[in-house]
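Asks: Got a structure for you, written out below as structure tokens; questions coming shortly.
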Amino acid sequence: MIDLKERQTQAVSSKSINDTDVHRFHGWSRTCWQWFRYCLVGVANTLIDVLILNVLLWRFPTGHVQTLVAYNALAYCGGAASSFFLNKYWTFGRKQRPTSKEAGRFVISIVLELLSSNGLVWLIGNALHPFIANTLVWGNASKLLAVAGNAVLSYLVMRFWIFASRSHQRPKQRITSHPAVSRLRRDAFTPLKITVPVVKENSTRASVSVILPAYNEEAVIASTVADVLETLATWTLDFEVIVVNDGSHDRTGTILDSIAAAYPRVRVLHHGVNQGYGAALASGFEASTKDLAFFMDADGQFDIRDLERFFPLLQEYDAVLGYRIKRQDTWMRRLNAWGWKVLVGMVFGVHVRDVDCAFKLYPAAFFRTQRLETRGAMINVEILYKFTRAGYSYFEVGVRHLPRRAGRATGAKPSVIVRALRDLFTYAWKWHREEGPVRHKLS
């Protein structure tokens, strides 16, 4: 019995040591990759610095040293700005918006780097002088060693001071999915628990079709549908929920079929293969049977309760369009969205605050009389263009945008962007050639 206990103790100790070694290995591995990314950023920043300097010399030739120094300062600032953003978002993975504290610390670090560079050259030069007689070799060796030392110091300053964040050290909170998606524990469907609180008198008597396009959203789709059903059930509202499974490869379709079997208000449409966001919306619009058509992403980044503020506006406007407040996406997606909005405004004359916000309420009659042609990311542009051309009015309302709890966004994939740009110019040429339809409102 004693030997058995000793062996168990030794096994536990061995496992603890192995776990510690694995943890250390992964920690060193992450640090090495981080250092590698930092070095690549350094190379990119040097190229940007040199490129800016040469562009200035090409466009504005000069023979004055003072002007050359000014050009060099501008080029250095360009490289520094590139260093700030690339290191923040790529090297150290800080996805939050830049803060004034980070910017201030970065400026201080640049000044310190200039001082440390000169200091290192002085120290290394003195140390190497007795051993290297050739001045050219001595000077370059001192410079290169100083650059290497300065790079290490700069990396440490950025990691532990400029972009230091405790958030990445905290353990990730466990996301508790709805029982319907607990496939790791059981495959059987567990009915959604929908509690119906005090019913509120709604400000519209119109019926609503809620359309939810979904693609590989098994982790959140059940909770999203549950929120919609629970919320709309309290508004004395005649509604239906149409979920379009756009060729998902995970268990999204299975979960939705289980929900639809338990709740008659839920209808599920399946695409055999992924056809695109626009195709999913078009299928939902064609299947809708109510007075109003509302669509919302199924990824859990919107709160269906914001829809309640839309209904009173229908007394004066034909549609209500949401725009995201404090959009919870990466800076790259926000930059892409801004560029897309500007381009759409120039090409189609459609000027809204958030053209692709997936939280919009339209009259369903519009979709029964208008044929939607696009099937990709252009769908929102097409709807707005044809909606305004047909003489309808709309009002814009800010809605909450929540962090994505699971899954991955696909809107920024290169293939999606290329398709959107292709459709933009193809349909712009086509629609501008067509004669505008008679502007009238459908009763």
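We name chains A, B, ... following the order of the structure tokens; residues begin at 1 in each chain, and ligands are numbered from 1 as shown.
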Within 10 Å of segment 225-232 of chain A, which residues of segment 243-298 of chain A show up? Give each one with its shortest atom-to-atom distance in Å (one decimal) and the two atoms involved, counting only C-alpha atoms, rows by chain then rising residue number, as CSV.
Replies:
```
residue,atom,partner,partner_atom,distance
A:Val243,CA,A:Val225,CA,8.6
A:Leu256,CA,A:Val225,CA,8.9
A:Ile259,CA,A:Val225,CA,8.6
A:Tyr263,CA,A:Leu229,CA,9.2
A:Arg265,CA,A:Leu229,CA,8.4
A:Val266,CA,A:Val225,CA,8.6
A:Ala298,CA,A:Val225,CA,7.9
```
Asks: Neighbours of segment 119-130 of chain A within 12 Å (only C-alpha atoms; same-chain residues fewer than 5 positions away dropped), as a list in words?
Replies: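 Skipping anything fewer than 5 positions along the chain leaves Leu112, Glu113, Leu114, Thr135, Leu136, Val137, Trp138, Gly139, Asn140, Ala141, Ser142, Lys143, Leu144, Leu145, Ala146, Val147, Ala148, Gly149, Asn150, Ala151 and Leu153 of chain A.
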Asks: What does the file look like for those residues with N, CA and C atoms, as a PDB file, in the first residue's frame?
Replies:
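Done, and the output landed in again_3.pdb:
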```
ATOM      1  N   LEU A 112      14.044  58.517 -26.237  1.00  0.00           N
ATOM      2  CA  LEU A 112      15.004  57.707 -25.479  1.00  0.00           C
ATOM      3  C   LEU A 112      15.835  56.818 -26.399  1.00  0.00           C
ATOM      4  N   GLU A 113      15.216  56.314 -27.471  1.00  0.00           N
ATOM      5  CA  GLU A 113      15.951  55.482 -28.423  1.00  0.00           C
ATOM      6  C   GLU A 113      17.062  56.273 -29.102  1.00  0.00           C
ATOM      7  N   LEU A 114      16.773  57.532 -29.470  1.00  0.00           N
ATOM      8  CA  LEU A 114      17.805  58.368 -30.092  1.00  0.00           C
ATOM      9  C   LEU A 114      18.983  58.572 -29.129  1.00  0.00           C
ATOM     10  N   THR A 135      39.312  52.094 -39.495  1.00  0.00           N
ATOM     11  CA  THR A 135      38.245  52.994 -39.019  1.00  0.00           C
ATOM     12  C   THR A 135      36.891  52.652 -39.624  1.00  0.00           C
ATOM     13  N   LEU A 136      36.874  52.211 -40.910  1.00  0.00           N
ATOM     14  CA  LEU A 136      35.598  51.884 -41.553  1.00  0.00           C
ATOM     15  C   LEU A 136      34.950  50.674 -40.890  1.00  0.00           C
ATOM     16  N   VAL A 137      35.749  49.652 -40.659  1.00  0.00           N
ATOM     17  CA  VAL A 137      35.238  48.451 -39.985  1.00  0.00           C
ATOM     18  C   VAL A 137      34.829  48.777 -38.552  1.00  0.00           C
ATOM     19  N   TRP A 138      35.673  49.571 -37.886  1.00  0.00           N
ATOM     20  CA  TRP A 138      35.382  49.945 -36.497  1.00  0.00           C
ATOM     21  C   TRP A 138      34.061  50.716 -36.381  1.00  0.00           C
ATOM     22  N   GLY A 139      33.852  51.690 -37.279  1.00  0.00           N
ATOM     23  CA  GLY A 139      32.639  52.498 -37.220  1.00  0.00           C
ATOM     24  C   GLY A 139      31.390  51.688 -37.503  1.00  0.00           C
ATOM     25  N   ASN A 140      31.447  50.827 -38.547  1.00  0.00           N
ATOM     26  CA  ASN A 140      30.266  50.026 -38.892  1.00  0.00           C
ATOM     27  C   ASN A 140      29.981  48.962 -37.834  1.00  0.00           C
ATOM     28  N   ALA A 141      31.038  48.369 -37.285  1.00  0.00           N
ATOM     29  CA  ALA A 141      30.821  47.378 -36.227  1.00  0.00           C
ATOM     30  C   ALA A 141      30.169  48.016 -35.010  1.00  0.00           C
ATOM     31  N   SER A 142      30.627  49.200 -34.656  1.00  0.00           N
ATOM     32  CA  SER A 142      30.022  49.907 -33.523  1.00  0.00           C
ATOM     33  C   SER A 142      28.565  50.237 -33.797  1.00  0.00           C
ATOM     34  N   LYS A 143      28.285  50.680 -35.038  1.00  0.00           N
ATOM     35  CA  LYS A 143      26.917  51.039 -35.404  1.00  0.00           C
ATOM     36  C   LYS A 143      25.998  49.815 -35.374  1.00  0.00           C
ATOM     37  N   LEU A 144      26.428  48.709 -35.966  1.00  0.00           N
ATOM     38  CA  LEU A 144      25.589  47.513 -36.026  1.00  0.00           C
ATOM     39  C   LEU A 144      25.313  46.944 -34.636  1.00  0.00           C
ATOM     40  N   LEU A 145      26.319  46.900 -33.795  1.00  0.00           N
ATOM     41  CA  LEU A 145      26.104  46.407 -32.435  1.00  0.00           C
ATOM     42  C   LEU A 145      25.185  47.337 -31.644  1.00  0.00           C
ATOM     43  N   ALA A 146      25.330  48.629 -31.893  1.00  0.00           N
ATOM     44  CA  ALA A 146      24.452  49.588 -31.229  1.00  0.00           C
ATOM     45  C   ALA A 146      23.004  49.418 -31.692  1.00  0.00           C
ATOM     46  N   VAL A 147      22.818  49.179 -33.007  1.00  0.00           N
ATOM     47  CA  VAL A 147      21.467  48.949 -33.547  1.00  0.00           C
ATOM     48  C   VAL A 147      20.851  47.698 -32.914  1.00  0.00           C
ATOM     49  N   ALA A 148      21.642  46.627 -32.806  1.00  0.00           N
ATOM     50  CA  ALA A 148      21.139  45.389 -32.202  1.00  0.00           C
ATOM     51  C   ALA A 148      20.762  45.603 -30.736  1.00  0.00           C
ATOM     52  N   GLY A 149      21.637  46.273 -29.999  1.00  0.00           N
ATOM     53  CA  GLY A 149      21.334  46.544 -28.599  1.00  0.00           C
ATOM     54  C   GLY A 149      20.130  47.442 -28.436  1.00  0.00           C
ATOM     55  N   ASN A 150      20.015  48.436 -29.292  1.00  0.00           N
ATOM     56  CA  ASN A 150      18.891  49.355 -29.232  1.00  0.00           C
ATOM     57  C   ASN A 150      17.583  48.644 -29.577  1.00  0.00           C
ATOM     58  N   ALA A 151      17.663  47.669 -30.517  1.00  0.00           N
ATOM     59  CA  ALA A 151      16.465  46.917 -30.887  1.00  0.00           C
ATOM     60  C   ALA A 151      15.951  46.106 -29.704  1.00  0.00           C
ATOM     61  N   LEU A 153      16.450  46.783 -26.488  1.00  0.00           N
ATOM     62  CA  LEU A 153      15.895  47.726 -25.521  1.00  0.00           C
ATOM     63  C   LEU A 153      14.527  48.233 -25.966  1.00  0.00           C
TER      64      LEU A 153
END
```
Asks: Can you measure atom CA of Pro403 of chain A to atom CA of Gln301 of chain A for me? One decimal in Å is fine.
Replies: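 Rounded to one decimal, the two atoms are 5.9 Å apart.
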Asks: Do you know which residues are at most 9 Å from Ser82 of chain A counting only C-alpha atoms, after dropping those on the same chain fewer than 2 positions away, and could you put them as a list in words?
Replies: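 The residues that qualify are Val41, Ala44, Asn45, Ile48, Cys77, Gly78, Gly79, Ala80, Phe84, Phe85, Leu86 and Asn87 of chain A.
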Asks: Measuring between only C-alpha atoms, which one of A:Trp340, A:Trp429, A:Trp58, A:Trp90 shows the shortest distance to Tyr71 of chain A?
Replies: A:Trp58
Asks: With segment 371-386 of chain A as the partner and 12 Å as the cut-off, tabulate the residues of segment 270-339 of chain A that qualify, each row holding the nearest pair of atoms and their distance in Å to one decimal, using only C-alpha atoms, sorted by chain and rising number, as CSV.
Replies:
```
residue,atom,partner,partner_atom,distance
A:Asn274,CA,A:Gly376,CA,10.7
A:Gln275,CA,A:Arg375,CA,7.3
A:Gly276,CA,A:Gly376,CA,5.1
A:Tyr277,CA,A:Gly376,CA,5.4
A:Gly278,CA,A:Arg375,CA,4.0
A:Ala279,CA,A:Arg375,CA,4.4
A:Ala280,CA,A:Arg375,CA,7.9
A:Leu281,CA,A:Ile379,CA,8.1
A:Ala282,CA,A:Leu372,CA,6.9
A:Ser283,CA,A:Arg375,CA,10.0
A:Gly284,CA,A:Leu372,CA,11.8
A:Phe285,CA,A:Leu372,CA,9.7
A:Glu286,CA,A:Arg371,CA,9.8
A:Phe295,CA,A:Asn380,CA,11.0
A:Ala319,CA,A:Leu384,CA,10.3
A:Val320,CA,A:Leu384,CA,11.4
A:Leu321,CA,A:Leu384,CA,9.9
A:Ala337,CA,A:Ala377,CA,11.4
```
Asks: Pick from A:Ile304, A:Ala206, A:Leu212, A:Ile255: nearest to Asp238 of chain A, with only C-alpha atoms counted?
Replies: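 Checking each of A:Ile304, A:Ala206, A:Leu212, A:Ile255 against Asp238 of chain A, counting only C-alpha atoms, the winner is A:Ala206.
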Asks: When DSSP works through the backbone of this structure, what residues of segment 233-266 of chain A end up as alpha helix (DSSP H), shown as a count of residues only?
Replies: 11
Asks: Just want the 12 Å neighbourhood of Ile108 of chain A, counted on only C-alpha atoms, with same-chain residues fewer than 2 positions away dropped. Output as a list in words.
Replies: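 Here the answer would be Ala80, Lys101, Glu102, Ala103, Gly104, Arg105, Phe106, Ile110, Val111, Leu112, Glu113, Leu114, Leu115, Ser154, Val157, Met158, Trp161 and Ile162 of chain A.
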Asks: List the spatial neighbours of Phe387 of chain A as a PDB file with C-alpha atoms, in the first residue's frame - criterion: any atom at most 9 Å away, only C-alpha atoms, same-chain residues fewer than 5 positions off excluded.
Replies:
```pdb
ATOM      1  CA  PHE A 366     -40.538  46.404 -51.097  1.00  0.00           C
ATOM      2  CA  GLN A 370     -38.074  44.460 -56.237  1.00  0.00           C
ATOM      3  CA  GLU A 382     -28.316  47.298 -53.640  1.00  0.00           C
ATOM      4  CA  TYR A 392     -38.983  55.491 -49.973  1.00  0.00           C
ATOM      5  CA  SER A 393     -37.747  57.344 -46.887  1.00  0.00           C
TER       6      SER A 393
END
```
